[in-house]
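A short write-up of the structure that comes next.
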Amino acid sequence: MKVSIRDLAAACSLSVSAVSKALNNYPDISKETRELVLKTAQQMGYFPNASARTLKTNRSQNLGVLFEPISPSGMTHPFFSALLESFKTEAEKFGYDLTFINNNIRSGMSFLEHCRYRNVDGAIIVCADFHAREVQALLSSDIPTVAIDYPSETASSVLSENEEGMYALTKYAISMGHKKIACLHGENCFVTENRLNGYKRALKEANIEIREDYILPSTYDNPQEAVHAFKQIMAYADRPTCIMMPDDTAAVTAIQTAQAMNLSVPEDISIGGYDGVRISLMFSPVLSTIKQDTFTMGKAAAQELIRLMENPASGAKKTITVPAMLIPGESIGRIS
């Protein structure tokens, strides 16, 4: 039989109002009373009704997660899965649940309408087409929102240092003697723009020519497309000595492709990745890559979203930048 708040109040010899205040951590309830109520609630198996709490506090303790990846890997993508795990862990510390937001649950329902339908207290946009009208509508709404790897004028953002990361990786290749460095990049977006800026900045500082034929598109998390672009650039008469791939999955695929072509990495061709996912560091040769700090990004996103929801007067929306780290690895070799 379900235990009600009245049953709990009777067991504690307290009023229903006092028990409710103790459960919701009101300051006018003593520490002793709060401990009594919580201990008794645990012993009796009492759980507050979520719907009733929402009606009373106008808070659902529920966060919306917008995750609309283009790639087929979806939730199994190592970067996004690690970031979401960190976000989830931090949000749960503050008593929040997560609900994934989509535009398919009801015919014609937008992301913003789905958030209102689920009565979320706030939302995080992890992966989506940020230029889409309905994504912009959510960013501009009155629902507290944090965007991952997208700077917004209307919402807080958590950004990885993509420009500095690619700058560091390209500069490392230059320090290893490379002057013919190609860059295969992902689809047109803020992340790609920043990585290309870092790549070009490193070349300019070293007085190395930026060759447009060395810069080719290759969609993120798409090994087949990566193989095609890699083979295309390796067929050049004046081919590069080092190729930066758009992500670690593409880099590992490129290494395997090179080996199938009877080429040795890094002796015949050097290859760089991006993300620093675990499998890339277990591969042989160990991948030269940039490790993105998914743990800090997820945790910072949760903390910032909770700040916006629970203390809106604490200040303006923020842009939080999380540093990335160079892992030299073995796949970028030294040349004379």
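In the structure tokens, chains take the letters A, B, ... in the order shown, each chain's residues start at 1, and ligands count up from 1 in the order shown.
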
Distance table requested - range 71-106 of chain A against range 206-221 of chain A, cut-off 12 Å, only C-alpha atoms: one row per qualifying residue with the closest atom pair and its distance in Å to one decimal, ordered by chain and rising residue number, as a Markdown table.
```
| residue | atom | partner | partner_atom | distance |
| --- | --- | --- | --- | --- |
| A:Ser71 | CA | A:Asp221 | CA | 6.1 |
| A:Pro72 | CA | A:Asp221 | CA | 8.1 |
| A:Ser73 | CA | A:Asp221 | CA | 7.7 |
| A:Gly74 | CA | A:Asp221 | CA | 9.8 |
| A:Thr76 | CA | A:Asp221 | CA | 11.0 |
| A:His77 | CA | A:Asp221 | CA | 8.0 |
| A:Pro78 | CA | A:Asp221 | CA | 10.1 |
| A:Phe79 | CA | A:Asp221 | CA | 10.4 |
| A:Phe80 | CA | A:Asp221 | CA | 11.5 |
```

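Proximity to Ala316 in chain A at 12 Å, evaluated using only C-alpha atoms and with sequence-adjacent residues fewer than 2 positions away removed, yields Pro144, Glu153, Thr154, Ala155, Ser156, Ser157, Glu304, Arg307, Leu308, Asn311, Pro312, Ala313, Ser314, Lys318 and Thr319 of chain A.
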
Residue selection dump (C-alpha atoms) as a PDB file, in the first residue's frame:
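Saved the output as part_37.pdb:
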```pdb
ATOM      1  CA  PRO A 144      16.994  28.244 -19.413  1.00  0.00           C
ATOM      2  CA  GLU A 153      23.588  35.446 -27.787  1.00  0.00           C
ATOM      3  CA  THR A 154      20.466  34.205 -26.010  1.00  0.00           C
ATOM      4  CA  ALA A 155      21.721  31.156 -24.072  1.00  0.00           C
ATOM      5  CA  SER A 156      24.792  30.027 -22.162  1.00  0.00           C
ATOM      6  CA  SER A 157      27.404  27.961 -24.002  1.00  0.00           C
ATOM      7  CA  GLU A 304      25.628  26.356 -15.559  1.00  0.00           C
ATOM      8  CA  ARG A 307      22.606  28.151 -11.994  1.00  0.00           C
ATOM      9  CA  LEU A 308      20.336  29.631 -14.654  1.00  0.00           C
ATOM     10  CA  ASN A 311      19.478  31.463  -9.344  1.00  0.00           C
ATOM     11  CA  PRO A 312      18.534  33.543 -12.390  1.00  0.00           C
ATOM     12  CA  ALA A 313      19.611  36.734 -10.605  1.00  0.00           C
ATOM     13  CA  SER A 314      23.190  35.452 -10.226  1.00  0.00           C
ATOM     14  CA  LYS A 318      27.934  32.728 -19.762  1.00  0.00           C
ATOM     15  CA  THR A 319      30.252  31.311 -22.388  1.00  0.00           C
TER      16      THR A 319
END
```

* Residues within 9 Å of Ile148 in chain A, only C-alpha atoms, excluding chain neighbours under 2 positions, as a VMD selection string -> chain A and resid 124 to 127 146 150 to 151 156 to 160 297 to 298 301

With N, CA, C and O atoms kept, could you save the residues just selected as a short mmCIF file (atom, residue, chain, number, x, y, z; two decimals), in the first residue's frame?
```cif
data_model
loop_
_atom_site.label_atom_id
_atom_site.label_comp_id
_atom_site.auth_asym_id
_atom_site.auth_seq_id
_atom_site.Cartn_x
_atom_site.Cartn_y
_atom_site.Cartn_z
N ILE A 124 19.47 21.33 -22.37
CA ILE A 124 20.81 21.37 -22.93
C ILE A 124 20.73 20.90 -24.37
O ILE A 124 20.03 19.93 -24.67
N ILE A 125 21.39 21.63 -25.28
CA ILE A 125 21.44 21.24 -26.68
C ILE A 125 22.84 20.69 -26.93
O ILE A 125 23.82 21.43 -26.96
N VAL A 126 22.93 19.38 -27.09
CA VAL A 126 24.22 18.71 -27.20
C VAL A 126 24.66 18.61 -28.65
O VAL A 126 25.81 18.86 -29.00
N CYS A 127 23.75 18.24 -29.51
CA CYS A 127 24.08 18.07 -30.93
C CYS A 127 22.82 18.34 -31.74
O CYS A 127 21.81 17.67 -31.54
N VAL A 146 21.45 25.67 -22.24
CA VAL A 146 22.90 25.67 -22.44
C VAL A 146 23.19 24.93 -23.73
O VAL A 146 22.69 23.82 -23.96
N TYR A 150 28.49 25.74 -29.35
CA TYR A 150 27.84 26.73 -30.19
C TYR A 150 27.66 28.01 -29.38
O TYR A 150 26.97 28.00 -28.35
N PRO A 151 28.28 29.12 -29.80
CA PRO A 151 28.12 30.38 -29.06
C PRO A 151 26.78 31.01 -29.37
O PRO A 151 26.41 31.15 -30.54
N SER A 156 23.42 30.31 -22.57
CA SER A 156 24.79 30.03 -22.16
C SER A 156 25.39 28.95 -23.07
O SER A 156 24.66 28.16 -23.68
N SER A 157 26.71 28.92 -23.14
CA SER A 157 27.40 27.96 -24.00
C SER A 157 28.59 27.36 -23.28
O SER A 157 29.24 28.02 -22.47
N VAL A 158 28.87 26.09 -23.59
CA VAL A 158 30.09 25.43 -23.14
C VAL A 158 30.83 25.00 -24.40
O VAL A 158 30.32 24.21 -25.19
N LEU A 159 32.03 25.55 -24.59
CA LEU A 159 32.78 25.34 -25.82
C LEU A 159 34.10 24.63 -25.53
O LEU A 159 34.79 24.95 -24.56
N SER A 160 34.45 23.70 -26.39
CA SER A 160 35.79 23.12 -26.36
C SER A 160 36.70 24.04 -27.16
O SER A 160 36.26 24.67 -28.13
N MET A 297 33.41 19.38 -19.65
CA MET A 297 32.36 20.03 -20.44
C MET A 297 30.98 19.64 -19.94
O MET A 297 30.10 20.50 -19.77
N GLY A 298 30.76 18.35 -19.71
CA GLY A 298 29.45 17.89 -19.23
C GLY A 298 29.12 18.43 -17.86
O GLY A 298 28.00 18.87 -17.60
N ALA A 301 28.40 22.17 -18.03
CA ALA A 301 27.09 22.42 -18.64
C ALA A 301 25.97 22.22 -17.62
O ALA A 301 25.02 23.01 -17.55
#
```

* Asked: What lies within 6 Å of range 238-249 of chain A using only C-alpha atoms, ignoring chain neighbours under 5 positions off, as a PyMOL selection string?
  -> chain A and resi 180-186+269-274

Let's have the selection written as a CSV table (one decimal), in the first residue's frame, with C-alpha atoms.
```csv
chain,number,residue,atom,x,y,z
A,180,LYS,CA,53.1,19.5,-46.4
A,181,ILE,CA,50.2,19.2,-44.0
A,182,ALA,CA,46.7,18.5,-45.3
A,183,CYS,CA,43.4,18.9,-43.3
A,184,LEU,CA,40.3,16.9,-43.9
A,185,HIS,CA,37.5,18.7,-42.1
A,186,GLY,CA,33.9,18.0,-41.0
A,269,ILE,CA,52.5,9.0,-44.1
A,270,SER,CA,51.7,10.7,-40.8
A,271,ILE,CA,48.1,10.9,-39.6
A,272,GLY,CA,46.5,13.1,-36.9
A,273,GLY,CA,43.1,12.6,-35.2
A,274,TYR,CA,40.9,14.7,-33.0
```

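Take CA of Tyr46 in chain A and CA of Val16 in chain A: the distance between them is 13.5 Å.
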
* Asked: Can you list, as a PyMOL selection string, every protein, DNA or RNA residue that comes within 10 Å of range 93-97 of chain A when you count only C-alpha atoms, leaving out same-chain residues fewer than 4 positions away?
  -> chain A and resi 60-64+88-89+120-121+302-303+306

Let me see the file: selected residues, N, CA and C atoms, as a JSON list (two decimals), in the first residue's frame.
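What ended up in selection15.json:
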```
[["chain", "number", "residue", "atom", "x", "y", "z"],
["A", 60, "SER", "N", 9.69, 20.85, -12.12],
["A", 60, "SER", "CA", 9.54, 19.42, -12.39],
["A", 60, "SER", "C", 10.78, 18.61, -12.01],
["A", 61, "GLN", "N", 11.91, 19.32, -11.74],
["A", 61, "GLN", "CA", 13.20, 18.66, -11.50],
["A", 61, "GLN", "C", 13.57, 17.78, -12.70],
["A", 62, "ASN", "N", 13.21, 18.26, -13.88],
["A", 62, "ASN", "CA", 13.43, 17.50, -15.11],
["A", 62, "ASN", "C", 14.13, 18.39, -16.12],
["A", 63, "LEU", "N", 15.20, 17.87, -16.74],
["A", 63, "LEU", "CA", 15.96, 18.62, -17.72],
["A", 63, "LEU", "C", 15.79, 18.01, -19.10],
["A", 64, "GLY", "N", 15.59, 18.84, -20.09],
["A", 64, "GLY", "CA", 15.47, 18.37, -21.46],
["A", 64, "GLY", "C", 16.84, 18.25, -22.11],
["A", 88, "LYS", "N", 24.84, 14.01, -16.97],
["A", 88, "LYS", "CA", 23.84, 13.25, -16.22],
["A", 88, "LYS", "C", 24.26, 13.06, -14.77],
["A", 89, "THR", "N", 25.52, 12.68, -14.56],
["A", 89, "THR", "CA", 26.02, 12.44, -13.20],
["A", 89, "THR", "C", 25.93, 13.70, -12.35],
["A", 120, "VAL", "N", 9.86, 20.75, -18.72],
["A", 120, "VAL", "CA", 11.24, 20.73, -18.25],
["A", 120, "VAL", "C", 11.59, 22.07, -17.62],
["A", 121, "ASP", "N", 12.48, 22.03, -16.64],
["A", 121, "ASP", "CA", 12.94, 23.26, -15.98],
["A", 121, "ASP", "C", 14.02, 23.96, -16.79],
["A", 302, "ALA", "N", 26.07, 21.15, -16.82],
["A", 302, "ALA", "CA", 25.06, 20.89, -15.79],
["A", 302, "ALA", "C", 25.05, 21.99, -14.74],
["A", 303, "GLN", "N", 26.22, 22.38, -14.29],
["A", 303, "GLN", "CA", 26.31, 23.42, -13.25],
["A", 303, "GLN", "C", 25.78, 24.75, -13.75],
["A", 306, "ILE", "N", 21.92, 24.58, -14.05],
["A", 306, "ILE", "CA", 21.30, 24.64, -12.73],
["A", 306, "ILE", "C", 21.39, 26.06, -12.17]]
```

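If only C-alpha atoms are the atoms counted, then among A:Ala168, A:Ile290, A:Ile101, A:Ala173 the closest residue to Glu68 in chain A is A:Ile101.
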
Report the closest atom pair, with its distance in Å rounded to one decimal, for each residue of range 76-181 of chain A that has an atom no farther than 7 Å from range 201-204 of chain A; count only C-alpha atoms, sort by chain and then rising residue number, and write it as a Markdown table.
```
| residue | atom | partner | partner_atom | distance |
| --- | --- | --- | --- | --- |
| A:Tyr167 | CA | A:Ala202 | CA | 5.5 |
| A:Thr170 | CA | A:Ala202 | CA | 6.2 |
| A:Lys171 | CA | A:Ala202 | CA | 5.6 |
```

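Comparing the minimum interatomic distances between Thr296 in chain A and each of A:Val65, A:Met44, A:Cys115, A:Leu83, counting only C-alpha atoms, we find that A:Leu83 sits nearest.
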
* Select, from A:Ala226, A:Val265, A:Ala300, A:Met234, the residue with the minimum atom-to-atom distance to Glu90 in chain A, counting only C-alpha atoms. =>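 With only C-alpha atoms as the atom set, the closest residue is A:Ala300.
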
* Asked: Restricting the calculation to only C-alpha atoms, which member of A:Phe87, A:Ala123, A:Leu8, A:Ser20 is positioned closest to Met309 in chain A?
  -> A:Ala123

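Atom to atom, CA of Val322 in chain A and CA of Val286 in chain A stand 24.1 Å apart.
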
* Asked: Could you pull out the strand (DSSP E or B) residues of range 80-270 of chain A from DSSP and send them as a count of residues only?
  -> 32

* Between CA of Glu267 in chain A and CA of Tyr199 in chain A - distance in Å to one decimal -> 22.3 Å

* Sel. of helix (DSSP H, G or I) residues, range 128-182 of chain A, as a ChimeraX atom specification -> /A:133-139,162-175

Based on the selection just made, write N, CA and C atoms of those residues as a CSV table (one decimal), in the first residue's frame.
```csv
chain,number,residue,atom,x,y,z
A,133,ARG,N,15.5,26.7,-37.6
A,133,ARG,CA,14.6,27.7,-36.9
A,133,ARG,C,14.1,27.2,-35.6
A,134,GLU,N,13.7,25.9,-35.5
A,134,GLU,CA,13.2,25.4,-34.2
A,134,GLU,C,14.2,25.3,-33.1
A,135,VAL,N,15.5,25.1,-33.5
A,135,VAL,CA,16.6,25.1,-32.5
A,135,VAL,C,16.8,26.5,-32.0
A,136,GLN,N,16.8,27.5,-32.9
A,136,GLN,CA,17.0,28.9,-32.5
A,136,GLN,C,15.8,29.3,-31.6
A,137,ALA,N,14.6,28.8,-31.9
A,137,ALA,CA,13.4,29.1,-31.1
A,137,ALA,C,13.6,28.7,-29.6
A,138,LEU,N,14.2,27.5,-29.4
A,138,LEU,CA,14.4,27.0,-28.1
A,138,LEU,C,15.5,27.9,-27.4
A,139,LEU,N,16.6,28.2,-28.2
A,139,LEU,CA,17.7,29.0,-27.6
A,139,LEU,C,17.2,30.4,-27.2
A,162,ASN,N,38.4,24.4,-29.8
A,162,ASN,CA,38.7,23.7,-31.0
A,162,ASN,C,39.8,24.4,-31.9
A,163,GLU,N,39.8,25.7,-31.8
A,163,GLU,CA,40.8,26.4,-32.6
A,163,GLU,C,42.2,26.2,-32.0
A,164,GLU,N,42.3,26.3,-30.7
A,164,GLU,CA,43.6,26.1,-30.0
A,164,GLU,C,44.0,24.7,-30.1
A,165,GLY,N,43.0,23.8,-30.1
A,165,GLY,CA,43.4,22.3,-30.2
A,165,GLY,C,44.0,22.0,-31.6
A,166,MET,N,43.4,22.4,-32.7
A,166,MET,CA,43.9,22.2,-34.0
A,166,MET,C,45.2,22.9,-34.2
A,167,TYR,N,45.3,24.1,-33.7
A,167,TYR,CA,46.5,24.9,-33.8
A,167,TYR,C,47.7,24.1,-33.1
A,168,ALA,N,47.4,23.6,-31.9
A,168,ALA,CA,48.5,22.8,-31.2
A,168,ALA,C,48.9,21.6,-32.0
A,169,LEU,N,47.9,20.9,-32.6
A,169,LEU,CA,48.2,19.6,-33.3
A,169,LEU,C,49.0,19.9,-34.6
A,170,THR,N,48.6,21.0,-35.3
A,170,THR,CA,49.3,21.4,-36.5
A,170,THR,C,50.7,21.9,-36.2
A,171,LYS,N,50.8,22.6,-35.1
A,171,LYS,CA,52.1,23.1,-34.7
A,171,LYS,C,53.0,22.0,-34.3
A,172,TYR,N,52.5,21.0,-33.7
A,172,TYR,CA,53.3,19.8,-33.3
A,172,TYR,C,53.8,19.1,-34.6
A,173,ALA,N,52.9,18.9,-35.6
A,173,ALA,CA,53.4,18.3,-36.8
A,173,ALA,C,54.5,19.1,-37.5
A,174,ILE,N,54.4,20.5,-37.4
A,174,ILE,CA,55.4,21.3,-38.0
A,174,ILE,C,56.7,21.1,-37.2
A,175,SER,N,56.6,21.0,-35.9
A,175,SER,CA,57.8,20.8,-35.1
A,175,SER,C,58.5,19.4,-35.4
```
